[in-house]
$ cat my_file-v6.cif   # mmCIF, C-alpha atoms
data_model
#
loop_
_atom_site.label_atom_id
_atom_site.label_comp_id
_atom_site.auth_asym_id
_atom_site.auth_seq_id
_atom_site.Cartn_x
_atom_site.Cartn_y
_atom_site.Cartn_z
CA MET A 1 50.61 -21.70 -18.31
CA LYS A 2 48.02 -20.59 -15.79
CA SER A 3 45.90 -17.54 -16.48
CA ASP A 4 45.47 -14.67 -13.99
CA ALA A 5 41.94 -15.91 -13.28
CA GLU A 6 43.31 -19.32 -12.29
CA ASP A 7 45.82 -17.68 -9.93
CA LEU A 8 43.07 -15.66 -8.22
CA MET A 9 40.50 -18.44 -8.16
CA PRO A 10 42.06 -21.85 -7.46
CA LYS A 11 40.27 -24.88 -8.85
CA LEU A 12 37.74 -26.41 -6.52
CA LEU A 13 37.75 -29.66 -8.48
CA PRO A 14 41.31 -30.24 -9.78
CA VAL A 15 41.43 -32.62 -12.73
CA GLU A 16 44.30 -35.09 -13.05
CA PHE A 17 45.19 -36.08 -16.61
CA ARG A 18 46.46 -39.65 -16.84
CA HIS A 19 48.08 -38.98 -20.21
CA LYS A 20 48.61 -35.49 -21.61
CA THR A 21 48.29 -36.96 -25.08
CA ASP A 22 44.77 -38.22 -24.35
CA GLU A 23 42.36 -36.93 -26.95
CA LEU A 24 39.05 -35.50 -25.77
CA ASP A 25 36.00 -35.50 -28.01
CA LEU A 26 33.94 -32.38 -27.22
CA ASN A 27 31.20 -33.45 -29.60
CA GLY A 28 30.45 -36.69 -27.82
CA PRO A 29 29.00 -37.33 -24.35
CA PRO A 30 31.49 -37.92 -21.51
CA ARG A 31 32.07 -41.58 -20.69
CA ASN A 32 32.85 -41.05 -17.00
CA PRO A 33 32.95 -38.28 -14.35
CA GLN A 34 36.66 -37.60 -14.97
CA GLU A 35 36.06 -37.04 -18.65
CA TYR A 36 33.11 -34.74 -17.91
CA LEU A 37 35.30 -32.53 -15.70
CA ARG A 38 37.97 -32.43 -18.40
CA GLN A 39 35.36 -31.31 -20.95
CA VAL A 40 34.17 -28.51 -18.68
CA GLN A 41 37.73 -27.36 -18.00
CA LEU A 42 38.64 -27.37 -21.67
CA GLU A 43 35.50 -25.45 -22.68
CA ALA A 44 36.17 -22.87 -19.94
CA SER A 45 39.77 -22.38 -21.09
CA MET A 46 38.51 -21.58 -24.57
CA CYS A 47 36.31 -18.70 -23.33
CA PRO A 48 37.73 -15.15 -23.16
CA ASP A 49 38.10 -13.61 -19.70
CA VAL A 50 35.94 -10.61 -20.64
CA VAL A 51 33.03 -10.59 -23.08
CA VAL A 52 31.60 -7.33 -24.42
CA ALA A 53 28.18 -7.34 -26.05
CA GLN A 54 27.96 -5.53 -29.36
CA ILE A 55 24.79 -3.42 -29.10
CA ASP A 56 23.53 -0.97 -31.67
CA PRO A 57 21.99 1.94 -29.65
CA LYS A 58 19.98 3.04 -32.67
CA LYS A 59 18.00 -0.21 -32.66
CA LEU A 60 17.15 0.15 -28.97
CA THR A 61 15.94 3.73 -29.18
CA HIS A 62 13.97 2.95 -32.32
CA LYS A 63 12.14 -0.11 -31.03
CA GLN A 64 11.70 0.60 -27.33
CA THR A 65 8.12 1.25 -26.23
CA VAL A 66 7.04 2.32 -22.75
CA ASN A 67 3.34 2.14 -21.96
CA ALA A 68 2.65 2.96 -18.32
CA SER A 69 -0.86 3.80 -17.21
CA VAL A 70 -1.64 5.03 -13.69
CA PRO A 71 -5.34 5.25 -12.78
CA SER A 72 -6.30 8.79 -11.82
CA CYS A 73 -9.26 10.34 -10.02
CA HIS A 74 -12.49 11.45 -11.62
CA ALA A 75 -12.26 15.18 -12.18
CA ALA A 76 -14.47 17.16 -9.84
CA PRO A 77 -17.56 18.71 -11.43
CA LYS A 78 -17.34 22.46 -11.72
CA GLY A 79 -17.86 24.06 -8.32
CA PHE A 80 -17.34 20.80 -6.40
CA SER A 81 -13.58 20.96 -5.72
CA PRO A 82 -12.31 22.93 -2.71
CA SER A 83 -10.15 26.03 -2.78
CA LEU A 84 -6.42 25.86 -2.18
CA SER A 85 -6.71 27.72 1.13
CA TRP A 86 -9.32 25.22 2.32
CA GLN A 87 -7.04 22.32 1.43
CA GLN A 88 -4.07 23.94 3.16
CA LYS A 89 -6.13 24.47 6.31
CA GLN A 90 -7.24 20.82 6.36
CA ILE A 91 -3.65 19.63 5.95
CA SER A 92 -2.55 21.84 8.86
CA ASN A 93 -5.36 20.53 11.09
CA PHE A 94 -4.62 16.94 10.10
CA SER A 95 -0.93 17.39 10.88
CA ASP A 96 -1.84 18.73 14.35
CA VAL A 97 -4.06 15.70 14.97
CA ARG A 98 -1.28 13.30 13.99
CA GLN A 99 1.20 15.03 16.29
CA SER A 100 -1.28 14.92 19.15
CA ILE A 101 -1.89 11.19 18.67
CA THR A 102 1.84 10.49 18.58
CA LYS A 103 2.49 12.61 21.66
CA ASN A 104 -0.34 11.16 23.74
CA ARG A 105 -0.43 7.59 22.43
CA LYS A 106 1.06 6.10 25.59
CA HIS A 107 -1.43 7.93 27.79
CA TRP A 108 -4.52 7.01 25.78
CA SER A 109 -3.51 3.40 25.20
CA SER A 110 -3.19 2.93 28.96
CA GLN A 111 -6.80 4.04 29.60
CA THR A 112 -9.19 1.30 30.65
CA LEU A 113 -11.83 0.50 28.07
CA ASP A 114 -15.46 -0.09 28.95
CA GLU A 115 -16.51 -3.69 29.34
CA ASN A 116 -18.56 -3.59 26.15
CA VAL A 117 -15.55 -2.59 24.02
CA LEU A 118 -14.36 -5.89 22.64
CA MET A 119 -11.83 -5.21 19.89
CA PRO A 120 -11.72 -7.91 17.18
CA LYS A 121 -8.60 -9.75 16.13
CA ALA A 122 -6.67 -8.05 13.34
CA THR A 123 -7.63 -10.76 10.82
CA ASP A 124 -11.37 -10.65 11.61
CA GLU A 125 -12.59 -8.55 8.67
CA GLU A 126 -16.30 -8.89 9.42
CA GLY A 127 -15.69 -8.27 13.11
CA TRP A 128 -13.91 -4.98 12.38
CA ARG A 129 -16.65 -3.80 10.04
CA TRP A 130 -19.22 -4.50 12.75
CA PHE A 131 -17.01 -2.84 15.36
CA CYS A 132 -16.47 0.36 13.34
CA LEU A 133 -19.79 0.71 11.52
CA GLY A 134 -22.20 -1.36 13.58
CA LYS A 135 -23.50 -4.87 13.06
CA GLY A 136 -27.01 -3.70 12.33
CA PHE A 137 -25.81 -1.21 9.72
CA CYS A 138 -23.52 -3.71 7.98
CA LEU A 139 -26.32 -6.25 7.84
CA GLY A 140 -28.80 -3.63 6.62
CA THR A 141 -31.14 -4.02 9.59
CA SER A 142 -30.58 -0.53 11.03
CA SER A 143 -29.01 2.82 10.29
CA ASN A 144 -26.16 4.29 12.31
CA THR A 145 -27.35 7.81 11.46
CA ASP A 146 -30.86 7.57 12.93
CA ALA A 147 -30.12 6.73 16.58
CA ASP A 148 -32.67 8.02 19.11
CA PRO A 149 -30.82 10.54 21.32
CA SER A 150 -33.18 9.79 24.22
CA THR A 151 -32.08 6.16 24.50
CA GLU A 152 -28.71 4.70 25.45
CA LEU A 153 -26.61 3.89 22.40
CA ASP A 154 -25.96 0.25 21.59
CA PHE A 155 -22.50 0.54 20.02
CA SER A 156 -22.62 -3.06 18.85
CA GLN A 157 -25.41 -1.97 16.51
CA VAL A 158 -24.28 1.55 15.52
CA GLY A 159 -20.52 1.02 15.76
CA PHE A 160 -17.90 2.40 18.12
CA PRO A 161 -16.52 5.87 17.36
CA PRO A 162 -12.74 5.97 16.81
CA PHE A 163 -11.96 7.10 20.34
CA LEU A 164 -8.30 7.85 21.05
CA SER A 165 -8.37 5.15 23.71
CA ILE A 166 -9.20 2.69 20.91
CA VAL A 167 -7.07 3.81 17.95
CA SER A 168 -4.03 4.37 20.19
CA ARG A 169 -3.99 0.64 20.87
CA LEU A 170 -3.63 -0.28 17.20
CA ASN A 171 -0.17 -1.12 15.90
CA GLN A 172 0.75 -0.22 12.32
CA SER A 173 -0.07 -3.65 10.98
CA THR A 174 -3.59 -3.51 12.43
CA VAL A 175 -4.10 0.10 11.30
CA LEU A 176 -3.36 -0.92 7.72
CA VAL A 177 -5.47 -4.10 7.87
CA VAL A 178 -8.52 -2.23 9.20
CA LEU A 179 -8.00 0.63 6.73
CA GLU A 180 -7.82 -1.80 3.79
CA ASN A 181 -10.89 -3.60 5.11
CA LEU A 182 -13.03 -0.44 5.30
CA ILE A 183 -11.81 0.86 1.94
CA SER A 184 -12.68 -2.46 0.31
CA TRP A 185 -16.14 -2.32 1.91
CA PHE A 186 -16.58 1.28 0.72
CA GLU A 187 -15.82 0.29 -2.88
CA GLU A 188 -19.30 -1.18 -3.31
CA ARG A 189 -21.29 0.91 -0.84
CA ASP A 190 -22.31 4.47 -0.15
CA PHE A 191 -20.51 6.90 2.12
CA VAL A 192 -21.76 7.38 5.68
CA PRO A 193 -20.42 9.73 8.41
CA GLN A 194 -19.30 6.89 10.69
CA LEU A 195 -17.14 5.49 7.88
CA GLY A 196 -15.63 8.92 7.29
CA CYS A 197 -14.70 9.27 10.97
CA TRP A 198 -12.89 5.94 10.99
CA LEU A 199 -11.08 6.58 7.71
CA TYR A 200 -9.85 9.94 9.01
CA ALA A 201 -8.70 8.41 12.31
CA LEU A 202 -6.87 5.53 10.63
CA LEU A 203 -5.14 7.89 8.20
CA ALA A 204 -4.08 9.97 11.19
CA CYS A 205 -2.47 6.86 12.70
CA LEU A 206 -0.77 5.77 9.47
CA GLU A 207 2.98 6.29 9.76
CA LYS A 208 5.18 7.75 7.04
CA PRO A 209 6.99 6.73 4.93
CA LEU A 210 4.23 4.52 3.59
CA ILE A 211 4.80 0.93 2.63
CA PRO A 212 3.62 -0.10 -0.89
CA GLU A 213 0.43 -1.72 0.42
CA ALA A 214 -0.54 1.53 2.17
CA HIS A 215 0.17 3.54 -0.99
CA SER A 216 -2.16 1.30 -2.98
CA SER A 217 -4.95 1.43 -0.39
CA ILE A 218 -5.07 5.19 0.10
CA ARG A 219 -4.99 5.76 -3.67
CA GLN A 220 -7.91 3.38 -3.99
CA LEU A 221 -9.71 5.43 -1.33
CA ALA A 222 -9.13 8.74 -3.13
CA ARG A 223 -10.33 7.32 -6.44
CA ARG A 224 -13.49 5.93 -4.84
CA CYS A 225 -14.22 9.28 -3.16
CA ALA A 226 -13.72 11.12 -6.45
CA GLN A 227 -15.93 8.65 -8.30
CA LEU A 228 -18.71 9.07 -5.74
CA ARG A 229 -18.32 12.86 -5.77
CA SER A 230 -18.81 12.88 -9.53
CA THR A 231 -22.31 11.44 -9.00
CA LEU A 232 -23.46 14.14 -6.55
CA GLU A 233 -26.13 16.45 -7.90
CA SER A 234 -25.73 19.39 -5.54
CA GLN A 235 -22.87 21.33 -3.97
CA ASP A 236 -24.94 21.31 -0.79
CA ASP A 237 -24.78 17.52 -0.48
CA GLU A 238 -23.60 16.72 3.05
CA LYS A 239 -21.18 14.10 1.69
CA LEU A 240 -19.18 16.60 -0.38
CA PRO A 241 -16.96 18.13 2.36
CA ALA A 242 -16.01 14.70 3.72
CA LEU A 243 -15.21 13.30 0.27
CA ASN A 244 -13.14 16.39 -0.56
CA LEU A 245 -11.31 16.07 2.75
CA LEU A 246 -10.28 12.46 2.18
CA ILE A 247 -9.12 13.21 -1.37
CA CYS A 248 -7.17 16.19 -0.06
CA LEU A 249 -5.40 14.17 2.64
CA VAL A 250 -4.36 11.42 0.26
CA ALA A 251 -3.20 13.77 -2.47
CA ARG A 252 -1.66 16.58 -0.44
CA TYR A 253 -0.51 15.15 2.88
CA PHE A 254 0.49 11.69 1.64
CA GLU A 255 1.95 13.24 -1.52
CA GLN A 256 -0.09 11.44 -4.18
CA SER A 257 -0.06 14.64 -6.21
CA ASP A 258 -1.45 13.10 -9.40
CA LEU A 259 -4.74 12.59 -7.53
CA ALA A 260 -4.97 16.18 -6.29
CA ASP A 261 -7.89 18.42 -7.12
CA GLN A 262 -7.28 21.52 -9.14
CA PRO A 263 -8.41 24.21 -6.67
CA GLU A 264 -11.35 26.40 -7.53
CA THR A 265 -10.70 30.09 -7.99
CA GLU A 266 -11.45 31.88 -4.75
CA ASN A 267 -13.86 34.78 -4.76
#

$ encode --input "my_file-v6.cif" --output "C-alpha coordinates"
Amino acid sequence: MKSDAEDLMPKLLPVEFRHKTDELDLNGPPRNPQEYLRQVQLEASMCPDVVVAQIDPKKLTHKQTVNASVPSCHAAPKGFSPSLSWQQKQISNFSDVRQSITKNRKHWSSQTLDENVLMPKATDEEGWRWFCLGKGFCLGTSSNTDADPSTELDFSQVGFPPFLSIVSRLNQSTVLVVLENLISWFEERDFVPQLGCWLYALLACLEKPLIPEAHSSIRQLARRCAQLRSTLESQDDEKLPALNLLICLVARYFEQSDLADQPETEN
(Lines of atoms letter the chains of each structure in order from A and count residues from 1; the text may use other names and numbers.)
(Lines give C-alpha, C1' and ligand atoms only; values in the text may rest on other atoms or scores of the structure.)
Protein backbone atom coordinates (compact mmCIF):
# COMPACT_ATOMS: atom_id res chain seq x y z
CA MET A 1 0.00 0.00 0.00
CA LYS A 2 1.35 3.39 -0.97
CA SER A 3 1.93 6.03 1.67
CA ASP A 4 0.59 9.60 1.42
CA ALA A 5 4.12 10.80 0.66
CA GLU A 6 4.31 8.44 -2.32
CA ASP A 7 0.98 9.76 -3.63
CA LEU A 8 2.18 13.37 -3.41
CA MET A 9 5.68 12.71 -4.69
CA PRO A 10 5.75 10.10 -7.47
CA LYS A 11 8.92 8.08 -7.86
CA LEU A 12 11.45 9.55 -10.23
CA LEU A 13 13.24 6.22 -10.56
CA PRO A 14 10.60 3.45 -10.38
CA VAL A 15 12.07 0.08 -9.44
CA GLU A 16 10.73 -3.09 -11.04
CA PHE A 17 11.00 -6.23 -8.92
CA ARG A 18 11.55 -9.34 -11.00
CA HIS A 19 10.38 -11.58 -8.16
CA LYS A 20 8.57 -10.29 -5.09
CA THR A 21 10.09 -13.14 -3.13
CA ASP A 22 13.62 -11.95 -3.91
CA GLU A 23 15.58 -11.47 -0.72
CA LEU A 24 17.62 -8.30 -0.34
CA ASP A 25 20.67 -8.20 1.91
CA LEU A 26 20.92 -4.69 3.40
CA ASN A 27 24.21 -5.53 5.10
CA GLY A 28 26.04 -6.34 1.90
CA PRO A 29 27.02 -4.10 -1.03
CA PRO A 30 24.64 -4.00 -4.01
CA ARG A 31 25.65 -6.26 -6.89
CA ASN A 32 24.11 -4.13 -9.64
CA PRO A 33 22.33 -0.77 -10.16
CA GLN A 34 18.88 -2.38 -9.83
CA GLU A 35 19.77 -3.85 -6.47
CA TYR A 36 21.18 -0.52 -5.28
CA LEU A 37 17.89 1.25 -6.09
CA ARG A 38 15.95 -1.48 -4.28
CA GLN A 39 18.15 -1.00 -1.19
CA VAL A 40 17.54 2.75 -1.20
CA GLN A 41 13.80 2.28 -1.61
CA LEU A 42 13.61 -0.26 1.18
CA GLU A 43 15.66 1.89 3.58
CA ALA A 44 13.45 4.91 2.80
CA SER A 45 10.27 2.92 3.45
CA MET A 46 11.58 2.03 6.90
CA CYS A 47 11.99 5.69 7.91
CA PRO A 48 9.11 7.54 9.63
CA ASP A 49 7.51 10.41 7.70
CA VAL A 50 8.19 12.87 10.53
CA VAL A 51 11.13 12.81 12.92
CA VAL A 52 11.13 14.90 16.11
CA ALA A 53 14.40 15.52 17.92
CA GLN A 54 14.33 14.93 21.65
CA ILE A 55 16.09 17.96 23.15
CA ASP A 56 16.51 18.71 26.82
CA PRO A 57 16.20 22.54 27.13
CA LYS A 58 17.96 22.47 30.48
CA LYS A 59 21.17 21.19 28.88
CA LEU A 60 21.14 23.95 26.27
CA THR A 61 20.61 26.80 28.71
CA HIS A 62 23.21 25.36 31.06
CA LYS A 63 25.99 24.89 28.52
CA GLN A 64 25.43 27.71 26.04
CA THR A 65 28.09 30.43 26.08
CA VAL A 66 27.97 33.66 24.08
CA ASN A 67 31.15 35.69 23.91
CA ALA A 68 30.78 38.66 21.58
CA SER A 69 33.29 41.49 21.71
CA VAL A 70 32.83 44.71 19.73
CA PRO A 71 35.81 47.09 19.69
CA SER A 72 34.89 50.47 21.12
CA CYS A 73 36.48 53.91 21.04
CA HIS A 74 39.06 55.23 23.44
CA ALA A 75 37.27 57.31 26.03
CA ALA A 76 37.91 61.02 25.65
CA PRO A 77 40.18 62.56 28.28
CA LYS A 78 38.33 64.82 30.67
CA GLY A 79 37.50 68.10 28.96
CA PHE A 80 38.20 66.77 25.45
CA SER A 81 34.73 65.55 24.44
CA PRO A 82 32.21 68.03 22.99
CA SER A 83 28.93 69.09 24.52
CA LEU A 84 25.64 67.60 23.38
CA SER A 85 24.49 70.91 21.87
CA TRP A 86 27.72 71.11 19.85
CA GLN A 87 27.19 67.59 18.53
CA GLN A 88 23.56 68.32 17.64
CA LYS A 89 24.61 71.44 15.74
CA GLN A 90 27.23 69.52 13.75
CA ILE A 91 24.69 66.84 12.84
CA SER A 92 22.25 69.50 11.64
CA ASN A 93 24.93 71.19 9.52
CA PHE A 94 26.07 67.86 8.11
CA SER A 95 22.51 66.92 7.19
CA ASP A 96 22.13 70.25 5.33
CA VAL A 97 25.34 69.59 3.41
CA ARG A 98 24.16 66.12 2.38
CA GLN A 99 20.82 67.48 1.18
CA SER A 100 22.56 70.20 -0.80
CA ILE A 101 24.87 67.68 -2.50
CA THR A 102 21.94 65.44 -3.40
CA LYS A 103 19.90 68.35 -4.72
CA ASN A 104 22.68 69.88 -6.80
CA ARG A 105 24.60 66.75 -7.82
CA LYS A 106 23.45 66.89 -11.43
CA HIS A 107 24.43 70.54 -11.75
CA TRP A 108 27.89 70.19 -10.22
CA SER A 109 28.74 66.95 -12.01
CA SER A 110 28.05 68.65 -15.33
CA GLN A 111 30.59 71.43 -14.66
CA THR A 112 33.76 71.29 -16.73
CA LEU A 113 36.86 70.47 -14.74
CA ASP A 114 40.16 72.25 -15.24
CA GLU A 115 42.65 70.53 -17.49
CA ASN A 116 44.93 69.70 -14.57
CA VAL A 117 42.19 67.76 -12.74
CA LEU A 118 42.88 64.19 -13.74
CA MET A 119 40.82 61.90 -11.53
CA PRO A 120 42.39 58.46 -10.95
CA LYS A 121 40.68 55.18 -11.65
CA ALA A 122 38.68 53.82 -8.73
CA THR A 123 41.17 50.99 -8.15
CA ASP A 124 44.26 53.24 -8.15
CA GLU A 125 44.86 53.51 -4.39
CA GLU A 126 48.14 55.42 -4.64
CA GLY A 127 46.71 57.69 -7.32
CA TRP A 128 43.78 58.67 -5.08
CA ARG A 129 46.03 59.37 -2.11
CA TRP A 130 48.15 61.65 -4.30
CA PHE A 131 45.03 63.26 -5.76
CA CYS A 132 43.44 64.00 -2.35
CA LEU A 133 46.49 64.71 -0.20
CA GLY A 134 49.19 65.61 -2.69
CA LYS A 135 52.01 63.55 -4.12
CA GLY A 136 54.67 65.53 -2.33
CA PHE A 137 52.92 65.14 1.02
CA CYS A 138 52.35 61.40 0.61
CA LEU A 139 55.98 60.89 -0.33
CA GLY A 140 57.16 63.09 2.55
CA THR A 141 58.89 65.62 0.29
CA SER A 142 56.57 68.55 1.09
CA SER A 143 53.80 69.66 3.40
CA ASN A 144 50.30 70.51 2.21
CA THR A 145 49.89 72.94 5.11
CA ASP A 146 52.82 75.24 4.33
CA ALA A 147 51.95 76.45 0.82
CA ASP A 148 53.18 79.95 -0.07
CA PRO A 149 50.05 82.08 -0.65
CA SER A 150 51.97 84.33 -3.04
CA THR A 151 52.61 81.53 -5.54
CA GLU A 152 50.16 79.55 -7.66
CA LEU A 153 49.20 76.28 -6.02
CA ASP A 154 50.42 73.06 -7.59
CA PHE A 155 47.52 70.76 -6.68
CA SER A 156 49.46 67.70 -7.82
CA GLN A 157 51.79 68.37 -4.90
CA VAL A 158 49.37 69.65 -2.23
CA GLY A 159 46.28 67.71 -3.30
CA PHE A 160 42.96 68.80 -4.77
CA PRO A 161 40.31 70.06 -2.36
CA PRO A 162 37.05 68.08 -2.42
CA PHE A 163 35.26 70.52 -4.70
CA LEU A 164 31.60 69.75 -5.38
CA SER A 165 32.44 69.50 -9.07
CA ILE A 166 34.75 66.61 -8.14
CA VAL A 167 32.88 64.67 -5.44
CA SER A 168 29.59 64.95 -7.36
CA ARG A 169 31.14 62.81 -10.09
CA LEU A 170 31.85 59.90 -7.75
CA ASN A 171 29.41 56.99 -7.71
CA GLN A 172 28.80 55.11 -4.47
CA SER A 173 31.29 52.40 -5.27
CA THR A 174 34.07 54.95 -5.82
CA VAL A 175 33.07 56.96 -2.74
CA LEU A 176 33.47 53.86 -0.58
CA VAL A 177 36.75 52.78 -2.24
CA VAL A 178 38.34 56.21 -1.75
CA LEU A 179 37.00 56.46 1.81
CA GLU A 180 38.43 53.05 2.72
CA ASN A 181 41.72 54.01 1.07
CA LEU A 182 42.12 57.23 3.09
CA ILE A 183 41.03 55.61 6.35
CA SER A 184 43.57 52.83 5.84
CA TRP A 185 46.27 55.44 5.17
CA PHE A 186 45.22 57.38 8.28
CA GLU A 187 45.59 54.28 10.47
CA GLU A 188 49.38 54.64 10.48
CA ARG A 189 49.76 58.39 10.02
CA ASP A 190 48.93 61.67 11.69
CA PHE A 191 45.86 63.78 11.02
CA VAL A 192 46.15 66.74 8.64
CA PRO A 193 43.46 69.29 7.64
CA GLN A 194 43.39 68.17 3.99
CA LEU A 195 42.60 64.61 5.09
CA GLY A 196 39.82 65.89 7.34
CA CYS A 197 38.23 67.82 4.46
CA TRP A 198 38.16 64.76 2.24
CA LEU A 199 36.83 62.46 4.95
CA TYR A 200 34.01 64.91 5.69
CA ALA A 201 33.15 65.26 1.99
CA LEU A 202 33.13 61.51 1.38
CA LEU A 203 30.96 60.90 4.44
CA ALA A 204 28.58 63.54 3.10
CA CYS A 205 28.34 61.57 -0.16
CA LEU A 206 27.88 58.19 1.53
CA GLU A 207 24.32 56.99 1.03
CA LYS A 208 22.18 55.39 3.72
CA PRO A 209 21.41 52.66 4.55
CA LEU A 210 25.04 51.66 4.75
CA ILE A 211 26.34 48.41 3.34
CA PRO A 212 28.43 46.23 5.72
CA GLU A 213 31.74 47.37 4.21
CA ALA A 214 30.82 51.01 4.86
CA HIS A 215 29.81 50.21 8.45
CA SER A 216 33.20 48.63 9.08
CA SER A 217 35.15 51.49 7.50
CA ILE A 218 33.47 54.36 9.32
CA ARG A 219 33.76 52.53 12.65
CA GLN A 220 37.46 52.09 11.96
CA LEU A 221 37.65 55.83 11.30
CA ALA A 222 35.94 56.76 14.58
CA ARG A 223 38.19 54.44 16.58
CA ARG A 224 41.32 55.88 14.96
CA CYS A 225 40.16 59.44 15.68
CA ALA A 226 39.43 58.55 19.31
CA GLN A 227 42.80 56.83 19.68
CA LEU A 228 44.62 59.88 18.29
CA ARG A 229 42.56 62.23 20.47
CA SER A 230 43.60 60.30 23.55
CA THR A 231 47.23 61.25 22.82
CA LEU A 232 46.60 65.01 22.61
CA GLU A 233 48.12 67.01 25.44
CA SER A 234 46.04 70.18 25.21
CA GLN A 235 42.39 71.08 24.65
CA ASP A 236 43.68 73.86 22.40
CA ASP A 237 45.22 71.41 19.93
CA GLU A 238 43.96 72.36 16.46
CA LYS A 239 43.26 68.69 15.66
CA LEU A 240 40.72 68.27 18.46
CA PRO A 241 37.62 69.86 16.83
CA ALA A 242 38.12 67.90 13.61
CA LEU A 243 38.63 64.60 15.43
CA ASN A 244 35.55 65.24 17.59
CA LEU A 245 33.55 66.10 14.48
CA LEU A 246 34.38 62.86 12.68
CA ILE A 247 33.61 60.78 15.78
CA CYS A 248 30.33 62.65 16.17
CA LEU A 249 29.25 62.04 12.57
CA VAL A 250 29.99 58.33 12.71
CA ALA A 251 28.36 57.80 16.09
CA ARG A 252 25.40 60.17 15.87
CA TYR A 253 24.49 60.59 12.21
CA PHE A 254 25.39 57.08 11.04
CA GLU A 255 23.94 55.63 14.25
CA GLN A 256 26.98 53.82 15.63
CA SER A 257 25.84 54.79 19.11
CA ASP A 258 28.28 52.55 20.98
CA LEU A 259 31.08 54.79 19.68
CA ALA A 260 29.45 58.04 20.81
CA ASP A 261 31.13 60.41 23.22
CA GLN A 262 29.52 61.05 26.54
CA PRO A 263 28.88 64.81 26.31
CA GLU A 264 30.60 67.14 28.71
CA THR A 265 28.43 69.07 31.13
CA GLU A 266 27.74 72.49 29.70
CA ASN A 267 28.53 75.55 31.75

$ residues_around --input "my_file-v6.cif" --residues "Phe191 of chain A" --least-positions-apart "3" --cutoff "10 Å" --atoms "all atoms listed in the file" --output "JSON, numbers by chain"
{"A": [186, 187, 188, 194, 195, 196, 224, 225, 228, 239, 242, 243]}

$ closest_residue --input "my_file-v6.cif" --among "A:Val40, A:Ile218, A:Leu153, A:Ile247" --to "Ser184 of chain A" --atoms "only C-alpha atoms"
A:Ile218

$ resolve_selection --input "my_file-v6.cif" --expression "the PyMOL selection byres ((chain A and resi 79) around 10)" --output "PyMOL selection string"
chain A and resi 76-78+80-83+234-235+263-265

$ closest_residue --input "my_file-v6.cif" --among "A:Ser168, A:Asn93, A:Ile211, A:Gln88" --to "Lys106 of chain A" --atoms "all atoms listed in the file"
A:Ser168

$ residues_around --input "my_file-v6.cif" --residues "Tyr200 of chain A" --least-positions-apart "5" --cutoff "9 Å" --atoms "all atoms listed in the file" --output "NGL selection string"
:A and (94 or 195 or 205 or 245-246 or 249)

$ resolve_selection --input "my_file-v6.cif" --expression "the PyMOL selection byres ((chain A and resi 170) around 10)" --output "count of residues only"
18
